[in-house]
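**Q** Quick one: the structure is below, questions incoming.
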Amino acid sequence: MKKTILLIHTGGTISMAMSEEGAVLPNKENPLMKESNALESIAKIIEIEAFNLPSPHITPNEMLILRNLILEKVSTEQIDGVVITHGTDTLEETAYFLELTTNLHIPIVLTGAMRSSNELGADGVYNLVEAVRVAVDDEACGKGVLVVMNDEVHLAVNTTKTSTSSVNTFQSPQYGPVGLITKSRILFHHGPLRRQYVELQDLSKRVAMLKIYAGMEEDLLDVVLACHYDGVVLEGLGQGNVPPAVVKGIETLLERDIPVVLVSRCFNGIAEGVYGYVGGGKMLEDLGALFATGINGQKARLKLLIGLNQLDKTIDLKEFFS
């Protein structure tokens, strides 16, 4: 008996076309909506267009709408898996948001394309078929939110867009894919050791993110206060260090109970409090700054946003990020 897959379209390059002038633009009608017949040999498809937005237009509010839509459909219909088509620029953020806020055993799989629907070598339909194949695979259950692109399966928590244009753009630095896709099977070779879940209702709190650089000055952190942000993520140098001039601004934020979370701007490695000099990670940790383990800046921002907006207010942020 075929499994039932909820297919949700949100827009992005996978649903766009290139004009005669060479500009890639959204279509009035999503061309993928015509491909559901090609998927019927794999699964029974329930198809919905949630949005038709370029992924830079996706905000956490759309992510929350998408999460609520999934939970509603799963609670009212027999759904065996979910596939979401999404623009690649913010795909990893939507995937990670859903990872922290859904807590479902069935697979949730996101996919996209690097080439628009009418370009030579368009990869959208191929990636969509592969995503549905993964979503119906029994071994995909319980592994959290997955990203499928270019014959690879990645965990939402690990994957990131690494190239502006390559079809092999999604990689999981340090960890690699959790599965490979061949013509005949899906081969999973590892999975997540642990997952986190947060009950969420709205996103009234706001979180900023700043990249630290050599010679950075304190006044940029003043903007966080002036604009009434509820938290800030800093992409620090090395293992999570900052220039001395920034320290006072961090102290001020922490004194006002505004959480400061540090990650590394490095591509690999883990941020942690090691250095004790002025601006070093150990000094910042002693002041009360938190370190996000094993995730990049954009994901740490979402994690802090979700933690600050938790429904029952029981999560300790230090434990949440440890």
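Starting from 1 in every chain, residues are counted up; chains themselves are A, B, ... following the order of the structure tokens, and ligands are numbered from 1 as listed.
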Show me, as a Markdown table, the residues of region 202-266 of chain A having an atom within 10 Å of region 59-79 of chain A, each with the closest atom pair and its distance in Å, using only C-alpha atoms.
**A**
| residue | atom | partner | partner_atom | distance |
| --- | --- | --- | --- | --- |
| A:Asp202 | CA | A:Leu64 | CA | 7.7 |
| A:Leu203 | CA | A:Asn61 | CA | 7.1 |
| A:Ser204 | CA | A:Asn61 | CA | 9.9 |
**Q** Once you count only C-alpha atoms, what closest atom pair and distance in Å to one decimal does each residue of region 69-120 of chain A within 12 Å of region 290-313 of chain A have, with rows by chain and rising residue number, as a tab-separated table?
**A**
residue	atom	partner	partner_atom	distance
A:Asp89	CA	A:Gln298	CA	11.5
A:Thr90	CA	A:Gln298	CA	9.3
A:Leu91	CA	A:Lys299	CA	11.2
A:Glu92	CA	A:Lys299	CA	8.1
A:Glu93	CA	A:Lys299	CA	6.2
A:Thr94	CA	A:Leu302	CA	9.2
A:Ala95	CA	A:Lys299	CA	9.7
A:Tyr96	CA	A:Lys299	CA	6.8
A:Phe97	CA	A:Leu302	CA	6.6
A:Leu98	CA	A:Leu302	CA	10.4
A:Glu99	CA	A:Lys303	CA	10.2
A:Leu100	CA	A:Lys303	CA	7.7
A:Thr101	CA	A:Ile306	CA	8.3
**Q** Could you write out the selected residues, including all heavy atoms, as a short mmCIF file (atom, residue, chain, number, x, y, z; two decimals), in the first residue's frame?
**A**
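As written to disk, result-v4.cif reads:
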data_model
loop_
_atom_site.label_atom_id
_atom_site.label_comp_id
_atom_site.auth_asym_id
_atom_site.auth_seq_id
_atom_site.Cartn_x
_atom_site.Cartn_y
_atom_site.Cartn_z
N ASP A 89 18.18 29.81 -0.46
CA ASP A 89 18.88 30.81 0.34
C ASP A 89 18.59 30.68 1.83
O ASP A 89 19.48 30.88 2.67
CB ASP A 89 18.51 32.22 -0.13
CG ASP A 89 19.20 32.61 -1.42
OD1 ASP A 89 20.07 31.84 -1.89
OD2 ASP A 89 18.88 33.68 -1.97
N THR A 90 17.35 30.39 2.19
CA THR A 90 16.98 30.27 3.60
C THR A 90 16.45 28.88 3.94
O THR A 90 15.87 28.68 5.00
CB THR A 90 15.94 31.33 4.00
OG1 THR A 90 14.77 31.17 3.18
CG2 THR A 90 16.49 32.73 3.85
N LEU A 91 16.65 27.93 3.04
CA LEU A 91 16.13 26.58 3.26
C LEU A 91 16.64 25.98 4.57
O LEU A 91 15.88 25.37 5.32
CB LEU A 91 16.49 25.69 2.07
CG LEU A 91 15.94 24.26 2.05
CD1 LEU A 91 15.74 23.80 0.61
CD2 LEU A 91 16.85 23.28 2.77
N GLU A 92 17.93 26.16 4.85
CA GLU A 92 18.49 25.56 6.07
C GLU A 92 17.85 26.16 7.33
O GLU A 92 17.72 25.47 8.35
CB GLU A 92 20.00 25.75 6.12
CG GLU A 92 20.46 27.19 6.30
CD GLU A 92 21.96 27.35 6.16
OE1 GLU A 92 22.45 27.49 5.01
OE2 GLU A 92 22.64 27.33 7.20
N GLU A 93 17.45 27.43 7.26
CA GLU A 93 16.83 28.06 8.42
C GLU A 93 15.42 27.53 8.65
O GLU A 93 15.03 27.23 9.78
CB GLU A 93 16.85 29.58 8.26
CG GLU A 93 18.25 30.16 8.36
CD GLU A 93 18.32 31.63 8.00
OE1 GLU A 93 17.94 32.46 8.84
OE2 GLU A 93 18.75 31.93 6.87
N THR A 94 14.63 27.41 7.58
CA THR A 94 13.30 26.83 7.73
C THR A 94 13.39 25.39 8.22
O THR A 94 12.63 24.97 9.10
CB THR A 94 12.54 26.88 6.39
OG1 THR A 94 12.32 28.25 6.02
CG2 THR A 94 11.20 26.18 6.49
N ALA A 95 14.34 24.64 7.68
CA ALA A 95 14.52 23.25 8.11
C ALA A 95 14.85 23.17 9.59
O ALA A 95 14.29 22.35 10.33
CB ALA A 95 15.60 22.58 7.27
N TYR A 96 15.75 24.03 10.05
CA TYR A 96 16.14 23.99 11.46
C TYR A 96 15.01 24.47 12.37
O TYR A 96 14.80 23.92 13.46
CB TYR A 96 17.39 24.85 11.67
CG TYR A 96 17.97 24.71 13.06
CD1 TYR A 96 18.43 23.49 13.54
CD2 TYR A 96 18.05 25.82 13.91
CE1 TYR A 96 18.95 23.37 14.82
CE2 TYR A 96 18.58 25.70 15.18
CZ TYR A 96 19.03 24.48 15.63
OH TYR A 96 19.54 24.37 16.90
N PHE A 97 14.28 25.48 11.93
CA PHE A 97 13.11 25.94 12.68
C PHE A 97 12.12 24.79 12.88
O PHE A 97 11.63 24.56 13.99
CB PHE A 97 12.43 27.09 11.93
CG PHE A 97 11.27 27.72 12.65
CD1 PHE A 97 11.44 28.86 13.41
CD2 PHE A 97 9.99 27.17 12.57
CE1 PHE A 97 10.38 29.45 14.09
CE2 PHE A 97 8.92 27.74 13.23
CZ PHE A 97 9.11 28.88 14.00
N LEU A 98 11.84 24.05 11.81
CA LEU A 98 10.91 22.92 11.91
C LEU A 98 11.49 21.81 12.77
O LEU A 98 10.75 21.12 13.48
CB LEU A 98 10.57 22.40 10.51
CG LEU A 98 9.80 23.36 9.60
CD1 LEU A 98 9.64 22.77 8.20
CD2 LEU A 98 8.44 23.71 10.20
N GLU A 99 12.80 21.63 12.72
CA GLU A 99 13.44 20.62 13.56
C GLU A 99 13.19 20.88 15.04
O GLU A 99 12.93 19.96 15.81
CB GLU A 99 14.95 20.58 13.27
CG GLU A 99 15.79 19.79 14.26
CD GLU A 99 15.48 18.29 14.28
OE1 GLU A 99 14.95 17.77 13.28
OE2 GLU A 99 15.77 17.66 15.31
N LEU A 100 13.25 22.15 15.45
CA LEU A 100 13.09 22.49 16.86
C LEU A 100 11.63 22.60 17.29
O LEU A 100 11.36 22.60 18.50
CB LEU A 100 13.79 23.83 17.16
CG LEU A 100 15.32 23.82 17.18
CD1 LEU A 100 15.84 25.23 17.44
CD2 LEU A 100 15.86 22.86 18.22
N THR A 101 10.70 22.66 16.35
CA THR A 101 9.32 23.00 16.73
C THR A 101 8.26 21.98 16.29
O THR A 101 7.07 22.24 16.46
CB THR A 101 8.92 24.38 16.19
OG1 THR A 101 8.97 24.36 14.74
CG2 THR A 101 9.84 25.47 16.70
#
**Q** Out of A:Ser322, A:Asn118, A:Asn268, A:Thr85, which residue has the shortest atom-to-atom distance to Val148 (chain A) when counting only C-alpha atoms?
**A**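 With only C-alpha atoms as the atom set, the closest residue is A:Thr85.
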**Q** Using only C-alpha atoms, pick whichever of A:Thr111, A:Ser55, A:Asn150, A:Asn241 has the shortest atom-to-atom distance to Cys266 (chain A).
**A**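 Among the listed residues, A:Asn241 lies closest to Cys266 (chain A).
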**Q** Would you mind writing down, as a ChimeraX atom specification, each residue of region 92-214 of chain A that DSSP on the backbone assigns to strand (DSSP E or B)?
**A** /A:108-111,145-149,152-155,160-161,170-171,179-181,186-188,200,207-211
**Q** Nearest to Asn52 (chain A): which of A:Ala38, A:Ile14, A:Cys227, A:Val82 is it, counting only C-alpha atoms?
**A**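 Of all the options, A:Ile14 lies closest to Asn52 (chain A).
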**Q** Can you work out the spacing between CA of Pro107 (chain A) and CA of Gly142 (chain A) in Å, to one decimal?
**A** 6.9 Å
**Q** Can you pull out the residues contacting Tyr126 (chain A)? Cut-off 10 Å, using only C-alpha atoms, and skip same-chain residues under 4 positions away; I want them as a count of residues only.
**A** 8
**Q** Determine, counting only C-alpha atoms, which protein, DNA and RNA residues have an atom within 6 Å of an atom of region 41-50 of chain A; residues of the same chain fewer than 5 positions away are not included. Present the result as a ChimeraX atom specification.
**A** /A:2-10
**Q** Between CA of Pro192 (chain A) and CA of Gly281 (chain A), what is the distance, to one decimal in Å?
**A**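 CA of Pro192 (chain A) sits 27.6 Å away from CA of Gly281 (chain A).
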**Q** Report as a list in words all protein, DNA and RNA residues lying within 9 Å of Gly176 (chain A), evaluated on only C-alpha atoms, omitting residues in the same chain fewer than 2 positions from it.
**A**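 Residues near the query, excluding close chain neighbours: His154, Asn158, Thr159, Gln171, Ser172, Pro173, Gln174, Val178 and Gly179 of chain A.
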**Q** DSSP on the backbone, then: every residue of region 4-227 of chain A marked helix (DSSP H, G or I), written as number ranges by chain.
**A** A: 13-15, 31-34, 36-39, 55-57, 60-76, 91-101, 124-135, 138-140, 219-226
**Q** Given the choices A:Tyr175, A:Ala245, A:Tyr277, A:Ala271, which gets closest to Ala289 (chain A) if the distance is worked out from only C-alpha atoms?
**A**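 So, comparing all the options, the nearest one is A:Ala271.
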**Q** Report, in Å to a single decimal, how far apart CA of Gln201 (chain A) and CA of Leu253 (chain A) are.
**A** 26.1 Å
**Q** Residues near Ile181 (chain A), anyone? I mean within 8 Å using only C-alpha atoms, not counting same-chain ones fewer than 4 positions away, as a PyMOL selection string.
**A** chain A and resi 130+151-153+185-187
